[in-house]
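The data block below is input-v2.cif; it holds mmCIF, C-alpha atoms.
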```
data_query
#
loop_
_atom_site.group_PDB
_atom_site.id
_atom_site.type_symbol
_atom_site.label_atom_id
_atom_site.label_comp_id
_atom_site.auth_asym_id
_atom_site.auth_seq_id
_atom_site.Cartn_x
_atom_site.Cartn_y
_atom_site.Cartn_z
ATOM 1 C CA GLY K 2 -108.953 -118.513 107.963
ATOM 2 C CA ALA K 3 -106.275 -116.032 107.061
ATOM 3 C CA VAL K 4 -107.268 -112.965 105.059
ATOM 4 C CA THR K 5 -105.285 -112.536 101.840
ATOM 5 C CA MET K 6 -104.245 -108.932 101.201
ATOM 6 C CA THR K 7 -102.415 -107.549 98.196
ATOM 7 C CA THR K 8 -100.396 -104.485 99.166
ATOM 8 C CA ARG K 9 -97.736 -102.277 97.623
ATOM 9 C CA ALA K 10 -95.952 -99.713 99.782
ATOM 10 C CA ALA K 11 -93.237 -97.067 99.633
ATOM 11 C CA ASP K 12 -91.920 -95.826 102.963
ATOM 12 C CA LEU K 13 -89.000 -94.117 101.134
ATOM 13 C CA GLU K 14 -86.483 -95.422 103.671
ATOM 14 C CA THR K 15 -84.314 -96.716 100.820
ATOM 15 C CA GLY K 16 -83.385 -93.053 100.303
ATOM 16 C CA ASP K 17 -84.338 -93.196 96.620
ATOM 17 C CA LEU K 18 -87.305 -93.780 94.283
ATOM 18 C CA SER K 19 -86.660 -97.518 93.769
ATOM 19 C CA GLN K 20 -89.819 -98.629 95.641
ATOM 20 C CA PHE K 21 -92.031 -97.163 92.892
ATOM 21 C CA ASP K 22 -92.753 -98.944 89.605
ATOM 22 C CA THR K 23 -92.866 -95.821 87.437
ATOM 23 C CA VAL K 24 -91.643 -92.305 88.155
ATOM 24 C CA VAL K 25 -91.755 -88.999 86.279
ATOM 25 C CA THR K 26 -89.359 -86.630 88.051
ATOM 26 C CA ASP K 27 -89.134 -83.668 85.649
ATOM 27 C CA ALA K 28 -85.342 -83.496 85.897
ATOM 28 C CA GLY K 29 -85.248 -84.101 89.648
ATOM 29 C CA ASP K 30 -88.241 -82.051 90.811
ATOM 30 C CA LEU K 31 -89.634 -85.259 92.349
ATOM 31 C CA SER K 32 -87.041 -86.596 94.774
ATOM 32 C CA VAL K 33 -86.501 -88.380 98.088
ATOM 33 C CA GLU K 34 -85.317 -85.991 100.806
ATOM 34 C CA THR K 35 -84.800 -86.011 104.572
ATOM 35 C CA ALA K 36 -86.753 -82.746 104.860
ATOM 36 C CA ALA K 37 -89.818 -84.517 103.390
ATOM 37 C CA ALA K 38 -90.099 -87.210 106.078
ATOM 38 C CA ALA K 39 -93.236 -87.548 108.202
ATOM 39 C CA HIS K 40 -91.820 -90.708 109.821
ATOM 40 C CA GLY K 41 -88.359 -92.222 109.651
ATOM 41 C CA GLY K 42 -85.513 -90.587 107.789
ATOM 42 C CA TYR K 43 -86.884 -89.944 104.272
ATOM 43 C CA GLY K 44 -89.967 -88.729 102.429
ATOM 44 C CA LEU K 45 -90.996 -87.754 98.909
ATOM 45 C CA GLN K 46 -90.595 -84.110 97.889
ATOM 46 C CA ALA K 47 -92.379 -82.580 94.904
ATOM 47 C CA LEU K 48 -90.935 -79.230 93.851
ATOM 48 C CA ILE K 49 -93.501 -77.327 91.795
ATOM 49 C CA ASP K 50 -91.557 -74.803 89.702
ATOM 50 C CA ASP K 51 -93.320 -75.202 86.340
ATOM 51 C CA THR K 52 -96.477 -76.778 84.895
ATOM 52 C CA ASN K 53 -94.948 -80.218 84.178
ATOM 53 C CA GLU K 54 -96.515 -83.240 85.855
ATOM 54 C CA LEU K 55 -94.767 -85.284 88.544
ATOM 55 C CA ARG K 56 -95.660 -88.909 89.220
ATOM 56 C CA ALA K 57 -94.714 -91.986 91.262
ATOM 57 C CA ASP K 58 -96.745 -95.208 90.756
ATOM 58 C CA LEU K 59 -97.335 -98.346 92.797
ATOM 59 C CA ASN K 60 -98.931 -100.939 90.502
ATOM 60 C CA ILE K 61 -101.548 -103.420 91.716
ATOM 61 C CA SER K 62 -104.277 -105.607 90.183
ATOM 62 C CA ALA K 63 -107.590 -105.627 92.068
ATOM 63 C CA ASP K 64 -111.278 -104.722 91.704
ATOM 64 C CA GLU K 65 -111.112 -102.767 94.957
ATOM 65 C CA LEU K 66 -108.354 -100.242 95.612
ATOM 66 C CA TRP K 67 -107.380 -98.273 98.701
ATOM 67 C CA LEU K 68 -104.701 -95.576 98.673
ATOM 68 C CA ARG K 69 -103.125 -93.921 101.695
ATOM 69 C CA ALA K 70 -100.406 -91.288 101.873
ATOM 70 C CA TYR K 71 -99.199 -88.797 104.438
ATOM 71 C CA PHE K 72 -99.219 -85.323 102.892
ATOM 72 C CA LYS K 73 -98.028 -81.831 103.772
ATOM 73 C CA MET K 74 -97.851 -78.499 101.971
ATOM 74 C CA ASP K 75 -94.723 -76.473 102.684
ATOM 75 C CA SER K 76 -95.451 -73.214 104.509
ATOM 76 C CA GLY K 77 -94.346 -71.311 101.415
ATOM 77 C CA TYR K 78 -96.615 -73.146 98.954
ATOM 78 C CA VAL K 79 -98.503 -70.765 96.632
ATOM 79 C CA GLY K 80 -101.804 -71.347 94.829
ATOM 80 C CA VAL K 81 -103.737 -69.512 92.122
ATOM 81 C CA SER K 82 -107.265 -68.550 93.136
ATOM 82 C CA GLY K 83 -109.934 -70.713 91.514
ATOM 83 C CA GLN K 84 -107.463 -73.305 90.252
ATOM 84 C CA LEU K 85 -106.918 -76.914 91.319
ATOM 85 C CA HIS K 86 -104.415 -79.685 90.647
ATOM 86 C CA ASP K 87 -104.256 -83.403 91.443
ATOM 87 C CA ILE K 88 -102.024 -84.797 94.191
ATOM 88 C CA LEU K 89 -103.108 -88.476 94.464
ATOM 89 C CA ARG K 90 -104.754 -90.858 92.002
ATOM 90 C CA LEU K 91 -106.186 -94.347 91.712
ATOM 91 C CA VAL K 92 -106.041 -95.409 88.072
ATOM 92 C CA GLY K 93 -107.423 -98.384 86.182
ATOM 93 C CA SER K 94 -108.257 -99.278 82.600
ATOM 94 C CA GLY K 95 -110.619 -96.535 81.429
ATOM 95 C CA TRP K 96 -111.190 -94.888 84.822
ATOM 96 C CA PHE K 97 -109.521 -92.853 87.545
ATOM 97 C CA ALA K 98 -110.307 -91.351 90.942
ATOM 98 C CA SER K 99 -108.297 -88.432 92.282
ATOM 99 C CA LEU K 100 -107.724 -86.220 95.297
ATOM 100 C CA TRP K 101 -106.826 -82.649 94.443
ATOM 101 C CA LEU K 102 -105.970 -79.277 95.965
ATOM 102 C CA ARG K 103 -107.974 -76.179 95.127
ATOM 103 C CA TYR K 104 -106.972 -72.703 96.229
ATOM 104 C CA ASP K 105 -109.370 -69.774 96.688
ATOM 105 C CA SER K 106 -108.268 -66.406 98.036
ATOM 106 C CA SER K 107 -111.235 -66.349 100.445
ATOM 107 C CA SER K 108 -111.049 -69.913 101.798
ATOM 108 C CA GLY K 109 -107.427 -70.995 101.244
ATOM 109 C CA PHE K 110 -106.499 -74.542 100.226
ATOM 110 C CA ARG K 111 -109.155 -77.242 100.198
ATOM 111 C CA LEU K 112 -109.026 -80.954 99.418
ATOM 112 C CA GLY K 113 -111.584 -82.228 96.926
ATOM 113 C CA ALA K 114 -112.043 -85.308 94.761
ATOM 114 C CA THR K 115 -113.104 -86.606 91.361
ATOM 115 C CA ARG K 116 -114.577 -90.104 91.188
ATOM 116 C CA PRO K 117 -115.885 -92.465 88.459
ATOM 117 C CA LYS K 118 -119.593 -92.090 87.600
ATOM 118 C CA ASN K 119 -121.640 -93.749 84.861
ATOM 119 C CA GLY K 120 -118.712 -94.337 82.538
ATOM 120 C CA THR K 121 -117.314 -90.836 83.016
ATOM 121 C CA HIS K 122 -116.162 -88.836 86.069
ATOM 122 C CA ALA K 123 -117.733 -86.394 88.524
ATOM 123 C CA VAL K 124 -116.409 -83.889 91.066
ATOM 124 C CA ILE K 125 -117.783 -84.418 94.564
ATOM 125 C CA ASN K 126 -120.022 -81.673 96.008
ATOM 126 C CA SER K 127 -118.059 -78.701 97.383
ATOM 127 C CA ALA K 128 -119.833 -79.141 100.737
ATOM 128 C CA TYR K 129 -117.464 -82.098 101.298
ATOM 129 C CA TRP K 130 -114.242 -80.282 100.400
ATOM 130 C CA LYS K 131 -111.846 -80.269 103.356
ATOM 131 C CA THR K 132 -109.797 -77.193 104.333
ATOM 132 C CA LEU K 133 -106.088 -78.007 104.678
ATOM 133 C CA THR K 134 -103.482 -75.927 106.506
ATOM 134 C CA LYS K 135 -99.966 -75.405 105.173
ATOM 135 C CA GLY K 136 -97.114 -76.772 107.264
ATOM 136 C CA ARG K 137 -99.185 -79.615 108.792
ATOM 137 C CA TRP K 138 -99.113 -83.341 108.042
ATOM 138 C CA TYR K 139 -102.372 -85.072 107.056
ATOM 139 C CA CYS K 140 -103.137 -88.737 106.494
ATOM 140 C CA LEU K 141 -105.162 -88.903 103.263
ATOM 141 C CA GLU K 142 -107.046 -92.044 102.213
ATOM 142 C CA MET K 143 -109.118 -92.824 99.133
ATOM 143 C CA HIS K 144 -111.059 -96.032 98.454
ATOM 144 C CA PHE K 145 -112.750 -97.194 95.253
ATOM 145 C CA LYS K 146 -114.662 -100.450 94.675
ATOM 146 C CA ARG K 147 -116.051 -101.332 91.261
ATOM 147 C CA ALA K 148 -119.736 -102.122 90.956
ATOM 148 C CA SER K 149 -120.432 -105.794 90.297
ATOM 149 C CA GLY K 150 -121.987 -105.228 86.865
ATOM 150 C CA GLY K 151 -123.605 -102.782 84.479
ATOM 151 C CA GLY K 152 -126.382 -100.858 86.252
ATOM 152 C CA ALA K 153 -125.448 -102.238 89.667
ATOM 153 C CA THR K 154 -125.209 -99.818 92.597
ATOM 154 C CA ASP K 155 -122.927 -101.788 94.889
ATOM 155 C CA GLY K 156 -119.728 -99.910 94.073
ATOM 156 C CA GLU K 157 -118.194 -97.601 96.675
ATOM 157 C CA PHE K 158 -116.106 -94.438 96.917
ATOM 158 C CA HIS K 159 -114.732 -93.079 100.213
ATOM 159 C CA ILE K 160 -112.371 -90.389 101.481
ATOM 160 C CA TRP K 161 -110.812 -90.164 104.955
ATOM 161 C CA VAL K 162 -108.651 -87.387 106.406
ATOM 162 C CA ASP K 163 -106.711 -88.270 109.563
ATOM 163 C CA GLY K 164 -108.897 -91.351 109.987
ATOM 164 C CA VAL K 165 -112.193 -89.406 109.885
ATOM 165 C CA GLN K 166 -114.495 -90.229 106.986
ATOM 166 C CA GLN K 167 -115.134 -87.100 104.909
ATOM 167 C CA TYR K 168 -117.135 -88.591 102.056
ATOM 168 C CA ALA K 169 -118.951 -91.813 101.171
ATOM 169 C CA GLU K 170 -121.023 -92.638 98.097
ATOM 170 C CA THR K 171 -122.275 -95.701 96.248
ATOM 171 C CA VAL K 172 -120.928 -95.977 92.720
ATOM 172 C CA ASP K 173 -123.503 -96.873 90.076
ATOM 173 C CA ASN K 174 -121.216 -97.822 87.227
ATOM 174 C CA ASN K 175 -118.979 -100.727 86.327
ATOM 175 C CA PRO K 176 -115.688 -99.402 84.888
ATOM 176 C CA PRO K 177 -113.484 -101.748 82.877
ATOM 177 C CA ALA K 178 -111.538 -104.300 84.872
ATOM 178 C CA THR K 179 -108.616 -102.879 86.795
ATOM 179 C CA GLY K 180 -106.043 -105.288 85.387
ATOM 180 C CA PRO K 181 -102.271 -105.352 85.906
ATOM 181 C CA SER K 182 -101.954 -101.703 84.851
ATOM 182 C CA SER K 183 -103.955 -100.429 87.838
ATOM 183 C CA SER K 184 -102.030 -98.235 90.248
ATOM 184 C CA GLY K 185 -102.084 -95.905 93.205
ATOM 185 C CA ARG K 186 -100.108 -92.774 92.471
ATOM 186 C CA VAL K 187 -98.622 -89.661 93.861
ATOM 187 C CA HIS K 188 -99.554 -87.631 90.797
ATOM 188 C CA ILE K 189 -99.246 -83.849 90.601
ATOM 189 C CA ARG K 190 -100.875 -82.803 87.342
ATOM 190 C CA SER K 191 -103.015 -80.037 85.776
ATOM 191 C CA ILE K 192 -100.729 -77.437 87.338
ATOM 192 C CA GLU K 193 -101.522 -73.825 86.453
ATOM 193 C CA SER K 194 -98.856 -71.202 85.886
ATOM 194 C CA GLY K 195 -98.260 -69.318 89.142
ATOM 195 C CA VAL K 196 -98.648 -72.365 91.412
ATOM 196 C CA GLY K 197 -95.374 -73.113 93.154
ATOM 197 C CA GLY K 198 -93.478 -74.431 96.147
ATOM 198 C CA LYS K 199 -92.938 -77.823 97.761
ATOM 199 C CA LEU K 200 -95.320 -80.664 98.560
ATOM 200 C CA TYR K 201 -94.301 -83.590 100.773
ATOM 201 C CA PHE K 202 -95.513 -87.218 100.847
ATOM 202 C CA ASP K 203 -94.565 -90.195 103.010
ATOM 203 C CA ASP K 204 -95.618 -93.803 103.710
ATOM 204 C CA VAL K 205 -97.536 -94.287 100.452
ATOM 205 C CA VAL K 206 -99.598 -97.513 100.386
ATOM 206 C CA VAL K 207 -101.989 -99.018 97.844
ATOM 207 C CA SER K 208 -103.927 -102.175 98.750
ATOM 208 C CA ASP K 209 -107.006 -104.192 97.829
ATOM 209 C CA GLN K 210 -108.590 -103.492 101.227
ATOM 210 C CA ARG K 211 -108.456 -100.755 103.838
ATOM 211 C CA ARG K 212 -106.133 -101.189 106.763
ATOM 212 C CA VAL K 213 -106.753 -99.865 110.262
ATOM 213 C CA TYR K 214 -105.952 -96.151 110.339
ATOM 214 C CA PRO K 215 -102.475 -95.699 111.847
ATOM 215 C CA VAL K 216 -102.257 -93.016 114.540
ATOM 216 C CA ARG K 217 -98.976 -91.425 113.544
ATOM 217 C CA GLY K 218 -97.655 -87.915 113.060
ATOM 218 C CA GLY K 219 -100.020 -85.992 115.378
ATOM 219 C CA PHE K 220 -100.341 -85.287 119.100
ATOM 220 C CA ALA K 221 -101.300 -88.901 119.843
ATOM 221 C CA ALA K 222 -98.123 -90.087 118.118
ATOM 222 C CA GLN K 223 -96.025 -87.690 120.176
ATOM 223 C CA VAL K 224 -97.602 -89.056 123.367
ATOM 224 C CA ASN K 225 -97.027 -92.631 122.176
ATOM 225 C CA ARG K 226 -93.378 -91.925 121.370
ATOM 226 C CA ALA K 227 -92.821 -90.257 124.743
ATOM 227 C CA LEU K 228 -94.475 -93.208 126.513
ATOM 228 C CA GLY K 229 -92.410 -95.654 124.492
ATOM 229 C CA SER K 230 -89.213 -93.827 125.389
ATOM 230 C CA PHE K 231 -90.200 -93.922 129.079
ATOM 231 C CA LEU K 232 -90.979 -97.645 128.899
ATOM 232 C CA GLY K 233 -87.894 -98.408 126.844
ATOM 233 C CA ARG K 234 -89.699 -99.617 123.731
ATOM 234 C CA GLU K 235 -90.762 -98.143 120.426
ATOM 235 C CA THR K 236 -94.429 -97.323 119.735
ATOM 236 C CA ALA K 237 -96.298 -96.241 116.593
#
```
Starting from the file, lay out its structure as structure tokens.
Amino acid sequence: GAVTMTTRAADLETGDLSQFDTVVTDAGDLSVETAAAAHGGYGLQALIDDTNELRADLNISADELWLRAYFKMDSGYVGVSGQLHDILRLVGSGWFASLWLRYDSSSGFRLGATRPKNGTHAVINSAYWKTLTKGRWYCLEMHFKRASGGGATDGEFHIWVDGVQQYAETVDNNPPATGPSSSGRVHIRSIESGVGGKLYFDDVVVSDQRRVYPVRGGFAAQVNRALGSFLGRETA
């Protein structure tokens, strides 16, 4: 039979923030701009010029949550060595999972994560942190599934970058039910003084199951678009 999927999405092609349920813009620092587009005409721009948080939520109710967003750091983005800040979050009642950027003068920007663990939260091992390059689009995905009960070890946490799995772990806790307040978020928070510049997001999706990774934005997409133009039809 047909598979039922609950999905919320913001492709930003409305040219404004109306596709999100809740936004915190810090007087316009979070905005929809043509310069922020990975695909189509518009994307989400986060201007980091102070330590105030920026946030755009897509609400969903499910015991399993998958978040995908295309992400790019502007070539002029500046970090503070040894400091990190969130960029994407899955949030439920009493728990969260996040993807964050950490900058070190020796290794540059790396993507890491914090995930639920035994009623609290834990940072994943630094061996799994992924180096990211400024000025390049990435497809970031995060998946969290609640364990079935207290003490059960059938929960899951995953990270993918450009469709390649970077991290997978069973989750041995059972956080409170997700409920209607659960959300997938673009969420820039815990910003340290000295961090600054622009971050870009596009095609933000939160769902109760993972979709097939879309090949868009890289060399394969350029080939597909060129082929589609030659054949007279649009491709992904």
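Minimum distance to K:Ser208 across K:Lys146, K:Arg111, K:Arg103, K:Arg116 (counting all atoms listed in the file) occurs at K:Lys146.
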- Message: For the provided coordinates, the residues matched by the PyMOL selection byres ((chain K and resi 12) around 10) should be stated as a list in words.
- Response: Ala10, Ala11, Leu13, Glu14, Thr15, Gly16, Gln20, Ala38, Ala39, His40, Gly41, Gly42, Tyr43, Gly44, Leu45, Ala70, Phe202, Asp203, Asp204, Val205 and Val206 of chain K
Each side padded by 3 Å, which centre and which edge lengths in Å (one decimal) define the axis-aligned box around the listed atoms of stretch 90-105 of chain K? Give them as AutoDock Vina command-line options.
```
--center_x -108.0 --center_y -84.5 --center_z 89.1 --size_x 12.4 --size_y 35.5 --size_z 21.3
```
- Please, which residues are within 9 Å of (-98.4, -78.5, 110.1) by the file's coordinates, counting only C-alpha atoms, and could they come as number ranges by chain? K: 73-76, 134-139
Okay, now the selection with C-alpha atoms, as a tab-separated table (two decimals), in the frame of the given file?
```tsv
chain	number	residue	atom	x	y	z
K	73	LYS	CA	-98.03	-81.83	103.77
K	74	MET	CA	-97.85	-78.50	101.97
K	75	ASP	CA	-94.72	-76.47	102.68
K	76	SER	CA	-95.45	-73.21	104.51
K	134	THR	CA	-103.48	-75.93	106.51
K	135	LYS	CA	-99.97	-75.40	105.17
K	136	GLY	CA	-97.11	-76.77	107.26
K	137	ARG	CA	-99.18	-79.61	108.79
K	138	TRP	CA	-99.11	-83.34	108.04
K	139	TYR	CA	-102.37	-85.07	107.06
```
- Message: Please determine, counting all atoms listed in the file, which residue among K:Arg147, K:Lys199, K:Arg190, K:Arg9 has the shortest atom-to-atom distance to K:Arg69.
- Response: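 Nearest candidate to K:Arg69 out of K:Arg147, K:Lys199, K:Arg190, K:Arg9: K:Arg9.
Going from atom CA of K:Asp87 to atom CA of K:Val165 covers 21.0 Å.
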- Item | Selection result of the PyMOL selection byres ((chain K and resi 23) around 9) on this file, as a count of residues only | 9
- Would you list the contacts of K:Asp105 as a PyMOL selection string, taking every protein, DNA or RNA residue within 10 Å and counting all atoms listed in the file, but skipping same-chain residues closer than 3 positions in sequence? chain K and resi 80-85+108-111
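Within 12 Å of K:Ile192, once only C-alpha atoms are used and residues closer than 6 positions along the same chain are dropped, the contacting residues are K:Leu48, K:Ile49, K:Asp50, K:Asp51, K:Thr52, K:Asn53, K:Glu54, K:Leu55, K:Val79, K:Gly80, K:Val81, K:Gln84, K:Leu85, K:His86, K:Asp87, K:Ile88, K:Trp101, K:Leu102, K:Arg103, K:Tyr104, K:Gly198.
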- To one decimal place, how far is atom CA of K:Gln46 from atom CA of K:Tyr201 in Å? 4.7 Å
- Message: For the provided coordinates, the residues matched by the PyMOL selection byres ((chain K and resi 141) around 8) should be stated as number ranges by chain.
- Response: K: 69-72, 139-140, 142-143, 160-163
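For the choices K:Leu31, K:Leu18, K:Ile61, K:Leu112, the atom-to-atom distance to K:Ser184 is smallest for K:Ile61 when using only C-alpha atoms.
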- When you draw a straight line from atom CA of K:Thr171 to atom CA of K:Arg90, how long is it in Å?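 According to the coordinates, atom CA of K:Thr171 and atom CA of K:Arg90 are separated by 18.7 Å.
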